[in-house]
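Worksheet: one structure, shown below.
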2 protein chains.
Amino acid sequence: MYIDEPLKKYLDETASGSSTPGGGSVAALAGALGAALTSMVCNFTVGKKKYADVEADVEKILSEVEDIRSELLDLMVKDTQVYGQVTDAYKMPKDTPEEKASRTAAIQEALKMAMQAPLEAAICCHKVLKLNIPLLEKGNQNLISDVGVAVLLAEAAMRAAVMNVEINLSYIKDKELVDKTREMLRPLLDEASKIRVEVYKEVNNAIGAELS
Amino acid sequence: MYIDEPLKKYLDETASGSSTPGGGSVAALAGALGAALTSMVCNFTVGKKKYADVEADVEKILSEVEDIRSELLDLMVKDTQVYGQVTDAYKMPKDTPEEKASRTAAIQEALKMAMQAPLEAAICCHKVLKLNIPLLEKGNQNLISDVGVAVLLAEAAMRAAVMNVEINLSYIKDKELVDKTREMLRPLLDEASKIRVEVYKEVNNAIGAELS
């Protein structure tokens, strides 16, 4: 679904009054776009005499980022599939104590499910950001602005994905899971900000930009 | 081209060792994704009793952002079409003074052409950002995180587009054009940063996020 369908269809269905695709799915796609640009930089480096010394390193980055790109595209679809389980759970009957208990359990289960796709997307975007750092030096210098675009998009996509994790976290009662998830994400977000600031500055310096 | 073709094809061709699509085109697409989410928020607001008071305002936003989305998709394609004119111009002969002069003129013309698509994309993304501000209050509050994702993506896309303007500006000799372009973009970029910071904070507060 979506992956092999026209680009326009995905955008039109996002824009429409149907719930899917929504922000979580779009965040994963934006991350995949960042990953695709990272691959492009690698593909313009590997096989070039000038970059022979770093070829093995860049090949490794390419292989890793291609796996992440594929994962992000899957998450773009997965996010649209789990949507609806939370709202379905909220519609369950709640007339008897037993019904109330089943409903609460179903809601909690659905929230944990709904959190997974954006959580995995955020982790993927963080990996894309990390993989771009060595490309500033090792990547084909003619494509340095593409490193910049990849980082800008991956950082925004990561924050967008985390926002979609947080929506679910605020309703999840399992405090240990909530705390553990936030403790895991916090340093990744901090690092993402630092990478964005640093790479943006370096790329703008390299291209002689006066606007930044 | 691209718009009616499979989503996967656009991503695969970006990732590949061919020059197009590149960062400029991807920036326009990321902006279109932000515009699509903005439209979704409007479509979930218009026609709802709860939001009847703001319906006319939100309908206006929807109409504007749909035009911008369509423009950004066109720019996604246009950016790939003008690419190559610059490199073609650099390949022109430069053995005689006449050839040198023709080549220089052709390069300058090609750079100005190549700057147009990302410049227009940057302006479109800025408009998407502005249109999201009233949606924080007037949009369906269940979709407030989608306002957040739209703004994160549009701001990153705008910066990415400006980076692709700057690549050309650094080689353009028409100082008046260079200065005029930068003077026009500077306040838009400043405003974009402010909108991102403000909207991100407000959305995170609204969803009870502890990570930001």
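Chain lettering (A, B, ...) mirrors the order of the structure tokens, residue numbering begins at 1 for each chain separately, and ligand numbering begins at 1 in order of display.
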
So which residues touch Asn132 in chain B within 8 Å, counting only C-alpha atoms, skipping near sequence neighbours fewer than 3 positions away, as an NGL selection string? :B and (38 or 128-129 or 135-136 or 147 or 150-151)

Can you pull out every residue within 7 Å of Leu153 in chain A, counting only C-alpha atoms, but drop anything in the same chain fewer than 2 positions away, and send it as a count of residues only? 11

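Residues in contact range of Ala192 in chain B, defined as at most 10 Å between only C-alpha atoms, with sequence neighbours fewer than 5 positions away removed, read Cys125, His126, Lys127, Val128, Leu129, Lys130, Val151, Leu152, Ala154, Glu155, Ala156, Met158, Arg159, Arg186, Pro187, Val197 and Glu198 of chain B.
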
For range 1-4 of chain B, list every protein, DNA or RNA residue within 10 Å, evaluated using only C-alpha atoms, and leave out those in the same chain fewer than 3 positions away; present the list as a ChimeraX atom specification. /A:5-9,11 /B:7-11,13,21,73-74,76-78,80-81

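Of the residues listed (B:Val178, B:Ala15, B:Ala117, B:Ala110), B:Ala15 shows the shortest atom-to-atom separation from Glu66 in chain A; distances use only C-alpha atoms.
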
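One finds CA of Pro118 in chain B at 9.4 Å from CA of Gly23 in chain B.
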